[in-house]
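Colleague: So that you have it, the file is coords-v5.cif, and it contains mmCIF, C-alpha atoms and all ligand atoms:
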data_upload
loop_
_atom_site.label_atom_id
_atom_site.label_comp_id
_atom_site.auth_asym_id
_atom_site.auth_seq_id
_atom_site.Cartn_x
_atom_site.Cartn_y
_atom_site.Cartn_z
CA MET A 1 116.07 94.03 77.16
CA ASP A 2 118.12 97.23 77.10
CA GLU A 3 115.99 98.47 74.21
CA LEU A 4 112.80 98.37 76.27
CA LYS A 5 111.26 101.68 77.20
CA HIS A 6 108.01 103.08 78.47
CA ILE A 7 106.74 106.45 77.24
CA PRO A 8 104.91 108.21 80.09
CA VAL A 9 101.30 108.89 79.11
CA LEU A 10 99.81 112.42 79.37
CA LYS A 11 103.06 113.67 80.87
CA ASP A 12 102.29 117.35 80.22
CA ALA A 13 99.01 117.10 82.10
CA VAL A 14 100.80 115.49 85.07
CA LEU A 15 103.45 118.24 85.07
CA HIS A 16 100.78 120.92 84.84
CA CYS A 17 98.75 119.50 87.73
CA PHE A 18 101.73 119.28 90.08
CA LYS A 19 103.53 122.47 88.96
CA ASP A 20 102.80 124.45 92.16
CA ILE A 21 103.84 121.68 94.54
CA ASN A 22 107.12 122.32 96.34
CA ARG A 23 107.28 119.49 98.84
CA LEU A 24 106.49 115.78 98.64
CA ILE A 25 104.86 113.80 95.81
CA LEU A 26 104.04 110.08 95.76
CA ASP A 27 104.37 108.25 92.45
CA ALA A 28 102.34 105.19 93.43
CA THR A 29 102.99 103.44 90.08
CA PHE A 30 106.65 104.18 89.43
CA GLY A 31 107.07 101.80 86.42
CA GLY A 32 110.14 103.09 84.59
CA GLY A 33 110.09 106.43 86.38
CA GLY A 34 109.05 108.44 83.31
CA HIS A 35 106.66 110.70 85.23
CA THR A 36 108.93 110.79 88.28
CA THR A 37 111.93 111.95 86.23
CA ALA A 38 109.91 114.65 84.45
CA LEU A 39 108.56 115.95 87.78
CA LEU A 40 111.98 115.97 89.47
CA GLU A 41 113.41 117.83 86.47
CA GLN A 42 110.54 120.34 86.36
CA ASN A 43 110.94 121.47 89.98
CA LYS A 44 114.28 121.32 91.83
CA HIS A 45 112.54 121.67 95.23
CA ILE A 46 110.29 118.62 95.23
CA HIS A 47 110.98 115.20 96.67
CA ILE A 48 109.33 112.05 95.35
CA ILE A 49 108.61 108.68 96.89
CA GLY A 50 108.06 105.97 94.26
CA LEU A 51 106.21 102.68 94.75
CA ASP A 52 105.77 99.72 92.47
CA THR A 53 104.60 96.19 93.13
CA ASP A 54 106.87 94.84 90.36
CA PRO A 55 110.33 93.76 91.63
CA ASP A 56 111.80 94.65 88.22
CA ALA A 57 111.14 98.31 89.04
CA ILE A 58 113.77 98.18 91.81
CA SER A 59 116.76 98.36 89.47
CA ARG A 60 115.14 101.09 87.39
CA ALA A 61 114.55 103.09 90.59
CA GLU A 62 118.24 102.74 91.48
CA GLY A 63 119.12 104.57 88.26
CA ILE A 64 116.82 107.46 89.21
CA ARG A 65 118.23 107.59 92.76
CA ASP A 66 121.78 107.82 91.40
CA LYS A 67 120.70 110.87 89.42
CA PHE A 68 118.50 112.70 91.95
CA LEU A 69 120.07 111.41 95.21
CA HIS A 70 118.11 112.32 98.37
CA ARG A 71 115.24 113.82 96.34
CA PHE A 72 114.02 110.32 95.43
CA GLN A 73 113.23 107.22 97.47
CA PHE A 74 111.69 103.95 96.29
CA PHE A 75 109.73 101.19 98.01
CA HIS A 76 108.87 97.87 96.41
CA CYS A 77 105.29 97.82 97.58
CA ASN A 78 101.70 97.55 96.40
CA PHE A 79 99.90 100.88 96.63
CA SER A 80 97.15 99.22 98.62
CA TYR A 81 99.61 99.39 101.56
CA LEU A 82 100.54 103.03 101.04
CA LYS A 83 99.18 104.11 104.43
CA LEU A 84 102.00 102.11 106.02
CA LEU A 85 104.44 104.75 104.73
CA CYS A 86 102.99 107.05 107.45
CA ARG A 87 103.65 110.11 105.28
CA LYS A 88 101.50 112.96 104.00
CA PHE A 89 101.80 114.08 100.38
CA ASP A 90 100.97 117.22 98.42
CA GLY A 91 100.46 115.23 95.23
CA ILE A 92 99.81 111.57 94.45
CA LEU A 93 99.97 110.00 91.00
CA MET A 94 98.44 106.64 90.05
CA ASP A 95 99.15 105.73 86.41
CA LEU A 96 97.34 102.40 86.37
CA GLY A 97 97.73 99.12 84.53
CA VAL A 98 100.85 97.58 83.07
CA SER A 99 103.97 99.22 81.69
CA SER A 100 105.60 98.61 78.32
CA PHE A 101 108.44 96.92 80.24
CA GLN A 102 105.96 94.31 81.42
CA LEU A 103 104.06 93.97 78.14
CA ASP A 104 107.11 93.77 75.92
CA GLN A 105 109.05 91.16 77.91
CA ALA A 106 107.89 87.74 76.75
CA GLN A 107 108.97 86.07 80.01
CA ARG A 108 106.46 88.14 82.03
CA GLY A 109 103.62 86.42 80.14
CA PHE A 110 101.35 89.47 79.72
CA SER A 111 101.16 89.65 75.95
CA PHE A 112 99.42 87.60 73.29
CA GLN A 113 102.01 88.94 70.85
CA HIS A 114 105.09 87.41 72.54
CA ASP A 115 105.42 83.76 73.50
CA GLY A 116 106.40 83.29 77.13
CA PRO A 117 105.32 81.51 80.31
CA LEU A 118 101.66 82.25 81.03
CA ASP A 119 102.20 84.24 84.22
CA MET A 120 100.77 87.83 84.04
CA ARG A 121 101.57 88.73 87.67
CA MET A 122 102.97 92.22 88.25
CA ASN A 123 104.62 90.77 91.34
CA PRO A 124 105.62 87.19 90.42
CA HIS A 125 106.31 86.43 94.12
CA GLU A 126 102.66 86.89 95.08
CA GLY A 127 99.38 85.21 94.22
CA MET A 128 98.65 82.76 91.41
CA SER A 129 99.92 82.77 87.83
CA ALA A 130 97.48 82.89 84.91
CA LYS A 131 98.40 79.27 84.10
CA ILE A 132 97.41 78.03 87.57
CA PHE A 133 94.26 80.15 87.45
CA LEU A 134 93.16 78.55 84.15
CA GLU A 135 93.99 75.07 85.45
CA THR A 136 92.25 75.40 88.82
CA GLY A 137 89.78 78.34 88.80
CA SER A 138 86.13 77.52 89.47
CA GLU A 139 83.43 78.30 86.91
CA GLN A 140 82.41 81.39 88.88
CA GLU A 141 86.00 82.64 89.06
CA LEU A 142 86.50 82.14 85.32
CA ILE A 143 83.24 83.99 84.61
CA ARG A 144 84.36 86.83 86.88
CA ALA A 145 87.62 87.16 84.96
CA ILE A 146 86.41 86.71 81.39
CA ARG A 147 82.88 88.14 81.46
CA ASP A 148 83.22 90.82 84.16
CA PHE A 149 86.86 91.93 83.91
CA GLY A 150 87.51 91.10 80.24
CA GLU A 151 84.03 92.21 79.11
CA GLU A 152 84.37 89.49 76.47
CA PRO A 153 81.01 89.02 74.66
CA GLN A 154 81.93 85.38 73.84
CA TRP A 155 82.63 84.58 77.51
CA ARG A 156 80.23 81.59 77.60
CA SER A 157 82.14 79.71 74.93
CA VAL A 158 85.54 80.58 76.45
CA VAL A 159 84.59 79.48 79.99
CA LYS A 160 82.83 76.31 78.80
CA GLN A 161 85.77 75.20 76.66
CA ILE A 162 88.36 75.93 79.37
CA LEU A 163 86.36 73.86 81.87
CA SER A 164 85.79 70.95 79.54
CA LEU A 165 89.23 70.79 77.91
CA ARG A 166 91.67 71.98 80.57
CA HIS A 167 92.54 68.46 81.76
CA SER A 168 93.83 67.58 78.31
CA THR A 169 95.22 71.02 77.37
CA SER A 170 98.48 72.73 78.20
CA PHE A 171 98.37 76.36 79.34
CA GLU A 172 102.13 76.64 79.81
CA THR A 173 102.65 79.63 77.52
CA THR A 174 100.87 82.72 76.22
CA PHE A 175 100.76 81.17 72.73
CA ASP A 176 99.19 77.99 74.18
CA LEU A 177 96.32 80.17 75.40
CA VAL A 178 96.07 82.12 72.12
CA ASN A 179 96.02 78.90 70.08
CA PHE A 180 93.44 77.35 72.42
CA LEU A 181 91.14 80.38 72.03
CA LEU A 182 91.50 80.39 68.25
CA GLU A 183 91.04 76.65 67.89
CA TYR A 184 88.37 75.70 70.41
CA THR A 185 86.23 78.76 71.21
CA SER A 186 83.90 80.97 69.20
CA LEU A 187 86.63 83.65 69.21
CA ARG A 188 87.98 81.90 66.10
CA ARG A 189 85.16 83.62 64.20
CA SER A 190 85.94 87.03 65.68
CA LYS A 191 86.83 89.47 62.92
CA LYS A 192 87.13 92.88 64.55
CA PRO A 193 89.66 94.78 62.44
CA GLY A 194 92.76 95.83 64.35
CA ILE A 195 91.76 93.97 67.55
CA HIS A 196 93.33 90.61 68.31
CA PRO A 197 90.60 88.08 69.30
CA ALA A 198 92.47 87.26 72.54
CA THR A 199 92.66 90.90 73.75
CA ARG A 200 89.73 90.85 76.17
CA VAL A 201 90.45 87.39 77.57
CA PHE A 202 94.03 88.42 78.35
CA GLN A 203 92.83 91.66 79.95
CA GLY A 204 90.29 89.86 82.13
CA ILE A 205 92.74 87.22 83.36
CA ARG A 206 95.37 89.89 84.09
CA ILE A 207 92.93 91.99 86.13
CA TYR A 208 91.82 88.86 88.00
CA VAL A 209 95.23 87.42 88.92
CA ASN A 210 96.54 90.83 90.01
CA GLN A 211 93.31 91.75 91.86
CA GLU A 212 93.65 95.10 90.17
CA LEU A 213 90.22 96.51 90.98
CA ASP A 214 90.40 95.58 94.68
CA HIS A 215 93.81 97.21 94.97
CA LEU A 216 92.50 100.28 93.17
CA GLN A 217 89.56 100.68 95.58
CA SER A 218 91.82 100.33 98.56
CA GLY A 219 94.62 102.46 97.07
CA LEU A 220 92.26 105.34 96.27
CA LYS A 221 90.93 105.46 99.83
CA GLN A 222 94.40 105.43 101.33
CA ALA A 223 95.74 107.94 98.84
CA PHE A 224 93.01 110.39 99.77
CA GLU A 225 93.70 109.93 103.50
CA CYS A 226 97.42 110.52 102.93
CA LEU A 227 96.92 113.80 101.02
CA ASN A 228 97.62 117.09 102.78
CA PRO A 229 94.90 119.76 102.62
CA ASN A 230 94.92 121.24 99.10
CA GLY A 231 96.80 118.15 97.89
CA ILE A 232 96.05 116.74 94.43
CA LEU A 233 95.32 113.13 93.49
CA VAL A 234 95.83 112.30 89.79
CA VAL A 235 94.68 108.98 88.36
CA ILE A 236 95.25 107.79 84.79
CA THR A 237 93.08 104.83 83.76
CA PHE A 238 93.18 102.62 80.68
CA HIS A 239 89.81 100.87 80.62
CA SER A 240 86.24 101.56 81.60
CA LEU A 241 86.18 99.33 84.71
CA GLU A 242 89.03 101.29 86.32
CA ASP A 243 87.66 104.60 85.16
CA ARG A 244 84.21 103.90 86.61
CA ILE A 245 85.72 103.20 90.04
CA VAL A 246 87.81 106.39 89.95
CA LYS A 247 84.91 108.53 88.72
CA GLN A 248 82.60 107.20 91.45
CA PHE A 249 85.23 107.73 94.13
CA PHE A 250 85.92 111.30 92.98
CA ASN A 251 82.20 112.12 92.79
CA GLU A 252 81.68 110.78 96.28
CA LYS A 253 84.53 112.91 97.67
CA CYS A 254 82.99 115.93 95.92
CA GLY A 255 79.73 115.26 97.76
CA LYS A 256 77.83 114.29 94.62
CA SER A 257 74.76 112.10 94.92
CA LEU A 258 75.16 108.42 95.61
CA HIS A 259 72.62 105.97 94.29
CA CYS A 260 71.57 103.73 97.15
CA LEU A 261 68.76 101.22 97.20
CA ASP A 262 66.12 102.19 94.64
CA ALA A 263 63.53 102.87 97.30
CA GLU A 264 65.72 105.28 99.24
CA PRO A 265 66.24 108.93 98.41
CA ARG A 266 69.63 109.97 97.06
CA GLN A 267 72.10 110.73 99.80
CA PHE A 268 74.18 113.85 99.77
CA LYS A 269 77.50 113.82 101.56
CA GLN A 270 79.60 116.73 102.64
CA SER A 271 82.18 117.68 100.04
CA GLN A 272 85.77 116.87 100.97
CA ALA A 273 87.33 117.76 97.63
CA SER A 274 86.74 119.31 94.21
CA LEU A 275 87.43 118.16 90.67
CA VAL A 276 90.42 119.90 89.06
CA PHE A 277 88.90 119.32 85.58
CA LYS A 278 85.19 118.83 84.90
CA LYS A 279 85.88 116.22 82.21
CA PRO A 280 88.71 113.69 82.00
CA ILE A 281 91.72 114.74 79.92
CA VAL A 282 92.56 112.43 77.01
CA ALA A 283 95.55 112.23 74.69
CA ASP A 284 95.54 114.32 71.51
CA ASP A 285 96.19 112.92 68.02
CA ASN A 286 99.93 113.71 68.20
CA GLU A 287 100.39 111.78 71.41
CA ILE A 288 98.29 108.86 70.16
CA SER A 289 100.32 108.58 66.97
CA SER A 290 103.65 108.64 68.82
CA ASN A 291 102.41 106.44 71.70
CA PRO A 292 99.38 104.29 70.72
CA ARG A 293 99.08 103.09 74.32
CA SER A 294 97.75 106.56 75.24
CA ARG A 295 94.66 106.00 73.05
CA SER A 296 92.51 104.70 75.88
CA ALA A 297 93.97 106.83 78.69
CA LYS A 298 91.72 109.00 80.86
CA PHE A 299 93.26 111.47 83.27
CA ARG A 300 91.25 112.64 86.30
CA ALA A 301 92.42 114.91 89.11
CA LEU A 302 90.93 115.72 92.52
CA ARG A 303 91.97 118.47 94.94
CA LYS A 304 91.40 117.86 98.65
CA ASN A 305 89.73 120.75 100.46
CA SER A 306 91.95 123.08 102.47
C1 LIG B 1 101.52 102.32 83.45
S1 LIG B 1 102.85 101.79 84.42
C2 LIG B 1 103.48 103.28 85.12
C3 LIG B 1 104.50 103.95 84.28
C4 LIG B 1 105.14 105.15 84.93
N1 LIG B 1 104.20 106.18 85.21
C5 LIG B 1 106.25 105.68 84.04
O1 LIG B 1 106.14 106.83 83.56
O2 LIG B 1 107.23 104.98 83.82
C6 LIG B 1 102.03 101.09 85.79
C7 LIG B 1 102.96 100.55 86.85
O3 LIG B 1 102.18 100.43 88.04
C8 LIG B 1 102.53 99.25 88.67
N2 LIG B 1 101.35 98.86 89.46
C9 LIG B 1 100.15 98.46 89.01
N3 LIG B 1 99.32 98.20 90.03
C10 LIG B 1 100.01 98.49 91.16
C11 LIG B 1 99.71 98.44 92.54
N4 LIG B 1 98.50 98.03 92.98
N5 LIG B 1 100.65 98.84 93.43
C12 LIG B 1 101.87 99.26 93.00
N6 LIG B 1 102.23 99.30 91.71
C13 LIG B 1 101.30 98.93 90.80
C14 LIG B 1 102.86 98.28 87.58
O4 LIG B 1 103.72 97.26 88.06
C15 LIG B 1 103.53 99.19 86.56
O5 LIG B 1 104.92 99.20 86.72
#
Would you write out, as structure tokens, the structure that this file holds?

Modeller:
Amino acid sequence: MDELKHIPVLKDAVLHCFKDINRLILDATFGGGGHTTALLEQNKHIHIIGLDTDPDAISRAEGIRDKFLHRFQFFHCNFSYLKLLCRKFDGILMDLGVSSFQLDQAQRGFSFQHDGPLDMRMNPHEGMSAKIFLETGSEQELIRAIRDFGEEPQWRSVVKQILSLRHSTSFETTFDLVNFLLEYTSLRRSKKPGIHPATRVFQGIRIYVNQELDHLQSGLKQAFECLNPNGILVVITFHSLEDRIVKQFFNEKCGKSLHCLDAEPRQFKQSQASLVFKKPIVADDNEISSNPRSRSAKFRALRKNS
């Protein structure tokens, strides 16, 4: 466990975006505090509030507080409640998805590469584990997870086999699920080089049990409300579903056209913000080779109007 670490993705871009901030920053996805530490080290004047929904982040945050004392405070909290902090920030960072701490610990049940209890909750005290979801989810809920959130082309076979075999199958562990997919569904014929056949199913179930997209929609709205004028919101996404939500939200705040009902004309809203970069920033080859997790990262930043 001591060996586990998480390399912060696109750290230089985060530091660059927040370099002129001298007051308060919110790290809404604290994780292991990689970005927080780099920001606190870059500028001796800033204070940071960190949030994470994962209770394991609490002890990591204590280490950062010991080092930076009153400049850092942590709350164990989902960012979809961030308005309850009743604070205004000059910068807010949302580095979405799961951390390496979560992926690499078998007992958290996130990974098809490590055998552990099939859980996948970022906060294991809330909601339903992946095991219970597979055992009790309705057909529509399974389709939502595997087709819509996992974007798994073979979703029909996966859903059908879960529904017909779940009464005689055990979904206790991550390897139970992997073996089930490889034995009973059409994923056994999947031969995409370098991509494990269970990747998309695991992603879809994880997004479903953590309600990741709902929290993102709500967190973005609250983050924008809690920004001071001129404040910057940075969001790093790791798959197209998240990125689409962020892109749409940013465009809307910039007053770009919204597609309504086909018959209606496009609506134009007043701009409340501007994009800091026209295109999303992505990791370069050096970063990808030293941290493969950065391969799919997209970094977008929005500045609230003054
Ligand atoms: C990619 S990691 C962040 C890593 C962090 N930036 C670092 O450098 O160590 C994402 C973290 O966000 C947390 N998280 C995901 N969704 C969240 C939510 N809705 N509210 C609060 N934390 C969330 C996860 O538990 C995880 O620890």

Colleague: Counting only C-alpha atoms and all ligand atoms, what residues are within 8 Å of ligand LIG 1 (chain B), given as number ranges by chain?

Modeller: A: 6-9, 11, 27-36, 51-54, 57, 76-80, 94-102, 122-123, 210, 212, 215-216, 219

Colleague: Go ahead and dump the residues you just picked, C-alpha atoms, as an mmCIF file, in the coordinates of the input.

Modeller:
data_model
loop_
_atom_site.group_PDB
_atom_site.id
_atom_site.type_symbol
_atom_site.label_atom_id
_atom_site.label_comp_id
_atom_site.auth_asym_id
_atom_site.auth_seq_id
_atom_site.Cartn_x
_atom_site.Cartn_y
_atom_site.Cartn_z
ATOM 1 C CA HIS A 6 108.010 103.080 78.470
ATOM 2 C CA ILE A 7 106.740 106.450 77.240
ATOM 3 C CA PRO A 8 104.910 108.210 80.090
ATOM 4 C CA VAL A 9 101.300 108.890 79.110
ATOM 5 C CA LYS A 11 103.060 113.670 80.870
ATOM 6 C CA ASP A 27 104.370 108.250 92.450
ATOM 7 C CA ALA A 28 102.340 105.190 93.430
ATOM 8 C CA THR A 29 102.990 103.440 90.080
ATOM 9 C CA PHE A 30 106.650 104.180 89.430
ATOM 10 C CA GLY A 31 107.070 101.800 86.420
ATOM 11 C CA GLY A 32 110.140 103.090 84.590
ATOM 12 C CA GLY A 33 110.090 106.430 86.380
ATOM 13 C CA GLY A 34 109.050 108.440 83.310
ATOM 14 C CA HIS A 35 106.660 110.700 85.230
ATOM 15 C CA THR A 36 108.930 110.790 88.280
ATOM 16 C CA LEU A 51 106.210 102.680 94.750
ATOM 17 C CA ASP A 52 105.770 99.720 92.470
ATOM 18 C CA THR A 53 104.600 96.190 93.130
ATOM 19 C CA ASP A 54 106.870 94.840 90.360
ATOM 20 C CA ALA A 57 111.140 98.310 89.040
ATOM 21 C CA HIS A 76 108.870 97.870 96.410
ATOM 22 C CA CYS A 77 105.290 97.820 97.580
ATOM 23 C CA ASN A 78 101.700 97.550 96.400
ATOM 24 C CA PHE A 79 99.900 100.880 96.630
ATOM 25 C CA SER A 80 97.150 99.220 98.620
ATOM 26 C CA MET A 94 98.440 106.640 90.050
ATOM 27 C CA ASP A 95 99.150 105.730 86.410
ATOM 28 C CA LEU A 96 97.340 102.400 86.370
ATOM 29 C CA GLY A 97 97.730 99.120 84.530
ATOM 30 C CA VAL A 98 100.850 97.580 83.070
ATOM 31 C CA SER A 99 103.970 99.220 81.690
ATOM 32 C CA SER A 100 105.600 98.610 78.320
ATOM 33 C CA PHE A 101 108.440 96.920 80.240
ATOM 34 C CA GLN A 102 105.960 94.310 81.420
ATOM 35 C CA MET A 122 102.970 92.220 88.250
ATOM 36 C CA ASN A 123 104.620 90.770 91.340
ATOM 37 C CA ASN A 210 96.540 90.830 90.010
ATOM 38 C CA GLU A 212 93.650 95.100 90.170
ATOM 39 C CA HIS A 215 93.810 97.210 94.970
ATOM 40 C CA LEU A 216 92.500 100.280 93.170
ATOM 41 C CA GLY A 219 94.620 102.460 97.070
#

Colleague: Would you please work out which residue, of A:Lys221, A:Arg71, A:Arg200, A:Arg156, is nearest to A:Glu252 when using only C-alpha atoms?

Modeller: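 When distances to A:Glu252 are compared using only C-alpha atoms, the smallest one comes from A:Lys221.
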
Colleague: What does the distance from atom CA of A:Leu39 to atom CA of A:Ser290 come to in Å, to one decimal?

Modeller: 20.9 Å

Colleague: Just the residues within 8 Å of A:Val282, please, counting all atoms listed in the file, with nothing from its chain fewer than 5 positions along; format it as a list in words.

Modeller: Leu10, Arg295, Ser296, Ala297, Lys298 and Phe299 of chain A

Colleague: Record the distance separating atom CA of A:Pro55 and atom CA of A:Ala130, expressed in Å with one decimal.

Modeller: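 Taking atom CA of A:Pro55 as the start and atom CA of A:Ala130 as the end point, the length is 18.1 Å.
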
Colleague: So that I can see what lies close to A:Lys160, please list as an MDAnalysis selection string the residues with an atom at most 12 Å from it, counting all atoms listed in the file and leaving out residues fewer than 5 positions away in the same chain.

Modeller: chainID A and resid 134 138:140 142:143 146 154:155 165:166 181 184:186

Colleague: So how far away is atom CA of A:Leu24 from atom CA of A:Leu82, in Å?

Modeller: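 That distance, rounded to one decimal, is 14.3 Å.
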
Colleague: Considering all atoms listed in the file, can you say which of A:Leu213, A:Glu62, A:Ile207, A:Arg300 comes closest to A:Asn251?

Modeller: A:Arg300

Colleague: Name the closest residue to A:Leu275 among the candidates A:Cys17, A:Ile49, A:Ala106, A:Val209; distances are taken between atoms, counting all atoms listed in the file.

Modeller: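 Of all the options, A:Cys17 lies closest to A:Leu275.
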
Colleague: Which residue out of A:Leu26, A:Ile58, A:Leu187, A:Asp214 has the minimum interatomic distance to A:Pro153 when all atoms listed in the file are used?

Modeller: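 With all atoms listed in the file as the atom set, the closest residue is A:Leu187.
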
Colleague: When distances are computed from all atoms listed in the file, which of A:Arg293, A:Lys67, A:Lys131, A:Arg189 shows the smallest separation from A:Ile162?

Modeller: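 Of the candidates, the smallest distance to A:Ile162 is held by A:Lys131.
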
Colleague: Near stretch 169-178 of chain A, within 7 Å and counting all atoms listed in the file, which residues show up once chain neighbours fewer than 4 positions away are dropped, as a ChimeraX atom specification?

Modeller: /A:109,111-112,115-118,131,165,182,198

Colleague: May I have the residues within 10 Å of A:Leu241 as a list of chain:residue names, using all atoms listed in the file and disregarding those fewer than 5 positions away in the same chain?

Modeller: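 So the residues in contact are A:Asp148, A:Phe149, A:Gly150, A:Glu151, A:Leu213, A:Val246.
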
Colleague: Extract, using only C-alpha atoms, all DNA, RNA and protein residues at most 6 Å from A:Ser271, discarding same-chain residues fewer than 3 positions from it, and format them as a short mmCIF file (atom, residue, chain, number, x, y, z; two decimals) with C-alpha atoms, keeping the file's coordinate frame.

Modeller:
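Output file part_31.cif follows:
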data_model
loop_
_atom_site.label_atom_id
_atom_site.label_comp_id
_atom_site.auth_asym_id
_atom_site.auth_seq_id
_atom_site.Cartn_x
_atom_site.Cartn_y
_atom_site.Cartn_z
CA LYS A 253 84.53 112.91 97.67
CA CYS A 254 82.99 115.93 95.92
CA GLY A 255 79.73 115.26 97.76
#

Colleague: Taking (100.9, 122.5, 87.9) in the file's coordinates, which residues come within 12 Å, counting all atoms listed in the file, written as number ranges by chain?

Modeller: A: 11-22, 39, 42-43, 90-91, 231-232, 234, 276, 301

Colleague: Edge lengths and centre, in Å to one decimal, as JSON: that's what I need for the box along x, y and z that holds all listed atoms of stretch 186-198 of chain A plus 3 Å on each side.

Modeller:
{"center_x": 88.6, "center_y": 88.4, "center_z": 67.5, "size_x": 15.4, "size_y": 20.9, "size_z": 16.1}

Colleague: Of the candidates A:Arg23, A:Gly194, A:Arg108, A:Gln222, which one gets nearest to A:His45 if we count all atoms listed in the file?

Modeller: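 That would be A:Arg23, the residue with the smallest distance to A:His45.
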